[in-house]
file final-v8.txt (compact mmCIF, N, CA and C atoms and all ligand atoms)
# COMPACT_ATOMS: atom_id res chain seq x y z
N MET N 28 103.63 126.16 120.56
CA MET N 28 102.88 125.12 119.89
C MET N 28 102.59 125.55 118.45
N SER N 29 102.87 124.70 117.47
CA SER N 29 102.63 125.06 116.08
C SER N 29 101.20 124.70 115.67
N GLU N 30 100.71 125.46 114.67
CA GLU N 30 99.36 125.17 114.18
C GLU N 30 99.41 123.98 113.26
N ALA N 31 98.49 123.04 113.46
CA ALA N 31 98.44 121.86 112.61
C ALA N 31 97.72 122.19 111.31
N GLU N 32 98.13 121.54 110.23
CA GLU N 32 97.43 121.67 108.94
C GLU N 32 96.04 121.06 109.09
N PRO N 33 95.01 121.68 108.54
CA PRO N 33 93.69 121.02 108.58
C PRO N 33 93.72 119.77 107.71
N PRO N 34 92.96 118.74 108.07
CA PRO N 34 92.90 117.55 107.22
C PRO N 34 92.31 117.92 105.86
N PRO N 35 92.63 117.15 104.80
CA PRO N 35 92.17 117.53 103.46
C PRO N 35 90.67 117.73 103.37
N GLU N 36 89.88 116.92 104.09
CA GLU N 36 88.43 117.05 103.97
C GLU N 36 87.90 118.33 104.61
N ALA N 37 88.72 118.99 105.44
CA ALA N 37 88.30 120.22 106.09
C ALA N 37 88.70 121.46 105.29
N ARG N 38 89.46 121.27 104.22
CA ARG N 38 89.90 122.42 103.43
C ARG N 38 88.76 122.93 102.57
N ALA N 39 88.75 124.25 102.36
CA ALA N 39 87.73 124.84 101.49
C ALA N 39 87.95 124.38 100.06
N ARG N 40 86.86 124.15 99.33
CA ARG N 40 86.93 123.76 97.93
C ARG N 40 86.43 124.90 97.06
N VAL N 41 87.00 125.04 95.90
CA VAL N 41 86.48 125.93 94.87
C VAL N 41 86.23 125.10 93.64
N TRP N 42 85.35 125.59 92.78
CA TRP N 42 84.88 124.78 91.65
C TRP N 42 85.25 125.40 90.32
N ARG N 43 86.02 126.50 90.36
CA ARG N 43 86.47 127.16 89.14
C ARG N 43 87.92 127.56 89.33
N THR N 44 88.59 127.81 88.19
CA THR N 44 89.98 128.25 88.25
C THR N 44 90.12 129.50 87.40
N PRO N 45 91.09 130.36 87.72
CA PRO N 45 91.34 131.50 86.85
C PRO N 45 91.91 131.01 85.51
N ALA N 46 91.77 131.81 84.46
CA ALA N 46 92.27 131.45 83.14
C ALA N 46 93.79 131.61 83.08
N GLY N 47 94.41 130.82 82.20
CA GLY N 47 95.82 131.01 81.88
C GLY N 47 96.80 130.29 82.77
N VAL N 48 96.32 129.41 83.65
CA VAL N 48 97.24 128.67 84.52
C VAL N 48 97.80 127.48 83.74
N ALA N 49 99.12 127.40 83.61
CA ALA N 49 99.76 126.27 82.91
C ALA N 49 99.61 125.02 83.77
N LEU N 50 99.11 123.93 83.15
CA LEU N 50 98.83 122.70 83.90
C LEU N 50 99.86 121.61 83.62
N CYS N 51 100.11 121.34 82.36
CA CYS N 51 101.10 120.33 81.99
C CYS N 51 101.31 120.42 80.48
N ALA N 52 102.36 119.78 80.01
CA ALA N 52 102.56 119.68 78.56
C ALA N 52 101.54 118.70 78.00
N GLU N 53 101.06 118.98 76.79
CA GLU N 53 100.10 118.06 76.17
C GLU N 53 100.69 116.65 76.09
N THR N 54 101.98 116.56 75.84
CA THR N 54 102.62 115.26 75.70
C THR N 54 102.78 114.54 77.04
N ASP N 55 102.49 115.21 78.15
CA ASP N 55 102.48 114.51 79.44
C ASP N 55 101.25 113.63 79.59
N LEU N 56 100.29 113.81 78.71
CA LEU N 56 99.06 113.02 78.76
C LEU N 56 99.13 111.93 77.70
N ALA N 57 98.94 110.69 78.11
CA ALA N 57 98.84 109.61 77.12
C ALA N 57 97.56 109.80 76.32
N ASP N 58 97.46 109.15 75.19
CA ASP N 58 96.25 109.23 74.36
C ASP N 58 95.82 107.80 74.00
N PRO N 59 94.80 107.23 74.63
CA PRO N 59 93.99 107.84 75.67
C PRO N 59 94.70 107.84 77.02
N GLY N 60 94.40 108.86 77.81
CA GLY N 60 94.99 108.95 79.14
C GLY N 60 94.29 110.02 79.96
N ALA N 61 94.59 110.04 81.24
CA ALA N 61 93.96 111.00 82.15
C ALA N 61 94.90 111.29 83.30
N ARG N 62 94.68 112.44 83.91
CA ARG N 62 95.57 112.87 84.97
C ARG N 62 94.83 113.78 85.95
N SER N 63 95.05 113.55 87.22
CA SER N 63 94.47 114.36 88.28
C SER N 63 95.30 115.61 88.50
N LEU N 64 94.63 116.73 88.79
CA LEU N 64 95.35 117.95 89.17
C LEU N 64 94.62 118.61 90.32
N VAL N 65 95.38 119.12 91.26
CA VAL N 65 94.83 119.90 92.38
C VAL N 65 95.52 121.25 92.35
N LEU N 66 94.73 122.32 92.30
CA LEU N 66 95.27 123.67 92.29
C LEU N 66 94.91 124.35 93.61
N GLN N 67 95.88 124.98 94.23
CA GLN N 67 95.59 125.79 95.40
C GLN N 67 95.32 127.21 94.95
N ILE N 68 94.17 127.74 95.34
CA ILE N 68 93.77 129.09 94.96
C ILE N 68 93.47 129.82 96.27
N GLY N 69 94.41 130.64 96.68
CA GLY N 69 94.29 131.26 98.00
C GLY N 69 94.35 130.17 99.06
N GLU N 70 93.35 130.15 99.92
CA GLU N 70 93.31 129.13 100.99
C GLU N 70 92.52 127.90 100.56
N ALA N 71 91.96 127.92 99.35
CA ALA N 71 91.06 126.85 98.92
C ALA N 71 91.72 125.99 97.85
N PHE N 72 91.07 124.86 97.56
CA PHE N 72 91.63 123.90 96.62
C PHE N 72 90.60 123.54 95.55
N PHE N 73 91.11 123.42 94.32
CA PHE N 73 90.31 122.95 93.19
C PHE N 73 90.82 121.57 92.81
N HIS N 74 89.90 120.61 92.64
CA HIS N 74 90.25 119.25 92.23
C HIS N 74 89.64 118.98 90.87
N GLY N 75 90.50 118.70 89.89
CA GLY N 75 90.02 118.41 88.55
C GLY N 75 90.85 117.33 87.91
N PHE N 76 90.46 116.94 86.69
CA PHE N 76 91.29 116.00 85.94
C PHE N 76 91.19 116.31 84.46
N LEU N 77 92.27 115.96 83.76
CA LEU N 77 92.36 116.13 82.32
C LEU N 77 92.24 114.77 81.66
N VAL N 78 91.61 114.75 80.50
CA VAL N 78 91.50 113.53 79.70
C VAL N 78 91.98 113.86 78.29
N ARG N 79 92.77 112.96 77.73
CA ARG N 79 93.16 113.12 76.31
C ARG N 79 92.66 111.90 75.56
N ARG N 80 92.01 112.17 74.45
CA ARG N 80 91.43 111.09 73.65
C ARG N 80 91.36 111.55 72.20
N ASP N 81 91.86 110.73 71.29
CA ASP N 81 91.84 111.05 69.86
C ASP N 81 92.44 112.43 69.58
N GLY N 82 93.48 112.78 70.32
CA GLY N 82 94.19 114.03 70.08
C GLY N 82 93.57 115.25 70.72
N ALA N 83 92.40 115.11 71.33
CA ALA N 83 91.73 116.24 71.98
C ALA N 83 91.89 116.14 73.49
N VAL N 84 91.90 117.29 74.16
CA VAL N 84 92.05 117.33 75.61
C VAL N 84 90.81 118.00 76.21
N ALA N 85 90.26 117.39 77.26
CA ALA N 85 89.13 117.97 77.98
C ALA N 85 89.46 117.99 79.46
N GLY N 86 88.85 118.94 80.17
CA GLY N 86 89.03 119.03 81.61
C GLY N 86 87.68 118.88 82.31
N TRP N 87 87.71 118.23 83.46
CA TRP N 87 86.48 117.98 84.22
C TRP N 87 86.73 118.23 85.70
N VAL N 88 85.74 118.77 86.38
CA VAL N 88 85.78 118.86 87.83
C VAL N 88 85.72 117.44 88.38
N ASP N 89 86.56 117.14 89.36
CA ASP N 89 86.64 115.76 89.87
C ASP N 89 85.53 115.53 90.91
N ARG N 90 84.33 115.44 90.41
CA ARG N 90 83.16 115.26 91.29
C ARG N 90 82.08 114.55 90.48
N CYS N 91 81.71 113.37 90.92
CA CYS N 91 80.72 112.59 90.17
C CYS N 91 79.32 113.18 90.38
N PRO N 92 78.53 113.32 89.30
CA PRO N 92 77.18 113.85 89.47
C PRO N 92 76.26 112.91 90.22
N HIS N 93 76.66 111.65 90.43
CA HIS N 93 75.80 110.73 91.16
C HIS N 93 75.78 111.05 92.65
N ALA N 94 76.90 110.88 93.33
CA ALA N 94 76.93 111.10 94.78
C ALA N 94 78.01 112.09 95.21
N GLY N 95 78.64 112.74 94.24
CA GLY N 95 79.57 113.82 94.58
C GLY N 95 80.97 113.39 94.95
N HIS N 96 81.28 112.11 94.79
CA HIS N 96 82.63 111.65 95.14
C HIS N 96 83.63 112.00 94.03
N PRO N 97 84.93 112.10 94.37
CA PRO N 97 85.94 112.14 93.30
C PRO N 97 85.91 110.81 92.57
N LEU N 98 86.15 110.82 91.24
CA LEU N 98 85.84 109.63 90.45
C LEU N 98 86.82 108.48 90.61
N ALA N 99 88.11 108.80 90.70
CA ALA N 99 89.13 107.74 90.64
C ALA N 99 89.38 107.16 92.04
N LEU N 100 89.39 105.85 92.12
CA LEU N 100 89.72 105.19 93.39
C LEU N 100 91.23 105.04 93.53
N GLU N 101 91.95 105.09 92.41
CA GLU N 101 93.42 105.08 92.42
C GLU N 101 93.88 106.30 91.63
N LEU N 102 95.03 106.85 92.02
CA LEU N 102 95.52 108.08 91.40
C LEU N 102 95.55 107.94 89.88
N ASP N 103 94.92 108.89 89.21
CA ASP N 103 94.92 109.01 87.75
C ASP N 103 94.16 107.90 87.02
N ARG N 104 93.52 106.99 87.73
CA ARG N 104 92.79 105.92 87.05
C ARG N 104 91.35 106.36 86.80
N TYR N 105 91.19 107.19 85.77
CA TYR N 105 89.87 107.73 85.44
C TYR N 105 89.21 106.98 84.28
N LEU N 106 89.98 106.23 83.52
CA LEU N 106 89.44 105.63 82.29
C LEU N 106 89.18 104.14 82.46
N THR N 107 88.24 103.64 81.66
CA THR N 107 88.02 102.20 81.59
C THR N 107 89.29 101.56 81.01
N PRO N 108 89.49 100.25 81.22
CA PRO N 108 90.74 99.63 80.76
C PRO N 108 91.03 99.84 79.27
N ASP N 109 90.00 99.94 78.44
CA ASP N 109 90.25 100.16 77.01
C ASP N 109 90.39 101.65 76.67
N GLY N 110 90.27 102.53 77.66
CA GLY N 110 90.47 103.96 77.45
C GLY N 110 89.32 104.66 76.76
N SER N 111 88.21 103.95 76.54
CA SER N 111 87.14 104.56 75.74
C SER N 111 86.21 105.46 76.56
N LEU N 112 86.13 105.24 77.87
CA LEU N 112 85.18 105.99 78.70
C LEU N 112 85.84 106.37 80.02
N ILE N 113 85.30 107.42 80.65
CA ILE N 113 85.65 107.76 82.02
C ILE N 113 84.78 106.89 82.93
N LEU N 114 85.39 106.33 83.95
CA LEU N 114 84.67 105.45 84.88
C LEU N 114 84.71 106.04 86.28
N CYS N 115 83.56 106.14 86.93
CA CYS N 115 83.55 106.47 88.36
C CYS N 115 83.68 105.15 89.12
N GLY N 116 84.73 105.04 89.91
CA GLY N 116 85.01 103.79 90.59
C GLY N 116 84.08 103.47 91.73
N TRP N 117 83.23 104.42 92.13
CA TRP N 117 82.37 104.17 93.30
C TRP N 117 81.19 103.28 92.95
N HIS N 118 80.41 103.67 91.95
CA HIS N 118 79.20 102.90 91.64
C HIS N 118 79.09 102.62 90.15
N GLY N 119 80.18 102.82 89.41
CA GLY N 119 80.24 102.36 88.03
C GLY N 119 79.66 103.26 86.97
N ALA N 120 79.40 104.53 87.26
CA ALA N 120 78.94 105.41 86.19
C ALA N 120 80.04 105.57 85.14
N VAL N 121 79.65 105.61 83.87
CA VAL N 121 80.61 105.81 82.79
C VAL N 121 80.21 107.03 81.96
N PHE N 122 81.23 107.77 81.51
CA PHE N 122 81.04 109.06 80.85
C PHE N 122 81.86 109.10 79.57
N GLU N 123 81.34 109.80 78.55
CA GLU N 123 82.14 110.05 77.35
C GLU N 123 83.28 110.99 77.71
N PRO N 124 84.51 110.69 77.28
CA PRO N 124 85.66 111.49 77.72
C PRO N 124 85.65 112.93 77.29
N LEU N 125 85.10 113.22 76.11
CA LEU N 125 85.21 114.59 75.59
C LEU N 125 83.93 115.40 75.75
N THR N 126 82.80 114.74 76.07
CA THR N 126 81.54 115.48 76.28
C THR N 126 81.11 115.46 77.75
N GLY N 127 81.60 114.49 78.52
CA GLY N 127 81.21 114.37 79.92
C GLY N 127 79.83 113.78 80.12
N LEU N 128 79.18 113.35 79.02
CA LEU N 128 77.84 112.78 79.14
C LEU N 128 77.91 111.40 79.80
N CYS N 129 77.05 111.18 80.79
CA CYS N 129 77.00 109.87 81.45
C CYS N 129 76.18 108.93 80.58
N VAL N 130 76.81 107.86 80.12
CA VAL N 130 76.16 106.93 79.19
C VAL N 130 75.84 105.59 79.85
N GLY N 131 76.01 105.48 81.15
CA GLY N 131 75.65 104.25 81.84
C GLY N 131 75.87 104.39 83.33
N GLY N 132 75.11 103.62 84.11
CA GLY N 132 75.26 103.67 85.56
C GLY N 132 74.19 104.52 86.21
N PRO N 133 74.38 104.82 87.49
CA PRO N 133 73.30 105.42 88.28
C PRO N 133 72.95 106.86 87.94
N CYS N 134 73.78 107.55 87.15
CA CYS N 134 73.43 108.93 86.77
C CYS N 134 73.35 109.07 85.25
N ALA N 135 72.93 107.99 84.56
CA ALA N 135 72.83 108.02 83.10
C ALA N 135 72.02 109.23 82.65
N GLY N 136 72.54 109.93 81.66
CA GLY N 136 71.91 111.14 81.15
C GLY N 136 72.44 112.39 81.82
N GLY N 137 73.14 112.25 82.96
CA GLY N 137 73.76 113.40 83.62
C GLY N 137 75.08 113.76 82.95
N ARG N 138 75.75 114.71 83.50
CA ARG N 138 77.02 115.16 82.91
C ARG N 138 78.01 115.53 83.99
N LEU N 139 79.27 115.32 83.67
CA LEU N 139 80.35 115.87 84.50
C LEU N 139 80.33 117.39 84.36
N THR N 140 80.88 118.08 85.34
CA THR N 140 80.99 119.53 85.27
C THR N 140 82.26 119.91 84.51
N PRO N 141 82.12 120.68 83.42
CA PRO N 141 83.31 121.03 82.64
C PRO N 141 84.29 121.89 83.44
N TRP N 142 85.56 121.64 83.18
CA TRP N 142 86.64 122.50 83.67
C TRP N 142 87.29 123.06 82.41
N PRO N 143 87.04 124.32 82.06
CA PRO N 143 87.54 124.85 80.79
C PRO N 143 89.06 124.85 80.73
N VAL N 144 89.59 124.19 79.70
CA VAL N 144 91.03 124.16 79.46
C VAL N 144 91.27 124.33 77.96
N GLU N 145 92.49 124.69 77.60
CA GLU N 145 92.86 124.82 76.19
C GLU N 145 94.30 124.38 76.04
N VAL N 146 94.63 123.95 74.81
CA VAL N 146 96.01 123.61 74.49
C VAL N 146 96.56 124.71 73.61
N ARG N 147 97.66 125.32 74.06
CA ARG N 147 98.30 126.39 73.28
C ARG N 147 99.80 126.17 73.33
N ASP N 148 100.41 126.13 72.16
CA ASP N 148 101.87 125.93 72.06
C ASP N 148 102.30 124.68 72.82
N GLY N 149 101.47 123.63 72.73
CA GLY N 149 101.84 122.35 73.35
C GLY N 149 101.62 122.28 74.85
N MET N 150 101.06 123.34 75.43
CA MET N 150 100.85 123.39 76.87
C MET N 150 99.36 123.42 77.17
N VAL N 151 98.91 122.60 78.13
CA VAL N 151 97.51 122.63 78.56
C VAL N 151 97.39 123.70 79.65
N ARG N 152 96.43 124.60 79.42
CA ARG N 152 96.23 125.71 80.38
C ARG N 152 94.75 125.81 80.70
N THR N 153 94.46 126.42 81.85
CA THR N 153 93.07 126.73 82.14
C THR N 153 92.60 127.82 81.18
N ALA N 154 91.31 127.77 80.84
CA ALA N 154 90.75 128.74 79.89
C ALA N 154 89.70 129.60 80.58
S1 LIG U 201 79.59 108.50 93.03
FE1 LIG U 201 80.08 108.11 90.95
S2 LIG U 201 78.79 106.47 90.38
FE2 LIG U 201 78.23 106.91 92.45

call {"tool": "encode", "arguments": {"input": "final-v8.txt", "output": "structure tokens"}}
result
Amino acid sequence: MSEAEPPPEARARVWRTPAGVALCAETDLADPGARSLVLQIGEAFFHGFLVRRDGAVAGWVDRCPHAGHPLALELDRYLTPDGSLILCGWHGAVFEPLTGLCVGGPCAGGRLTPWPVEVRDGMVRTA
């Protein structure tokens, strides 16, 4: 009998990543645009997303400060239709893309948890 994979909700989560992990080319991100990434670190998983806006790239842990859900209800759909804000699809919290400050909704004044990233030689990496 083979061992079954645990369901995703039963997997251990981690909230930080080691530095220097190549994530994607900067040009893989639209401007404005966003992208989900999941990194396996040992037996655990990190869930984050990248946002590009006005030529700058920021990384955020994919966990809403309101109720702790991942923000996007559809893959990579983190931004409002005009690309100006990050939107949590659960209860409508909106965040500034590059500061993570919640500027509306049920956690106004709160912040997303930063995921340190940097762009070097056209590549987005963990920092
Ligand atoms: S979980 Fe994000 S607004 Fe409620």

call {"tool": "atom_distance", "arguments": {"input": "final-v8.txt", "atom1": "atom N of N:Ile68", "atom2": "atom C of N:Leu128"}}
result
27.8 Å

call {"tool": "residues_around", "arguments": {"input": "final-v8.txt", "residues": "N:Gly131", "least_positions_apart": "4", "cutoff": "6 Å", "atoms": "all atoms listed in the file", "output": "list in words"}}
result
Gly119, Ala120, Val121, Phe122, Ala135 and Gly136 of chain N

call {"tool": "residues_near_ligand", "arguments": {"input": "final-v8.txt", "ligand": "ligand LIG 201 (chain U)", "cutoff": "6 Å", "atoms": "all atoms listed in the file", "output": "list in words"}}
result
Cys91, Pro92, His93, Ala94, Gly95, His96, Leu98, Cys115, Gly116, Trp117, His118, Gly119, Ala120 and Pro133 of chain N

call {"tool": "atom_distance", "arguments": {"input": "final-v8.txt", "atom1": "atom C of N:Val65", "atom2": "atom C of N:Val130"}}
result
28.1 Å

call {"tool": "closest_residue", "arguments": {"input": "final-v8.txt", "among": "N:Leu77, N:Val88, N:Ala52, N:Ala39", "to": "N:Leu64", "atoms": "all atoms listed in the file"}}
result
N:Leu77
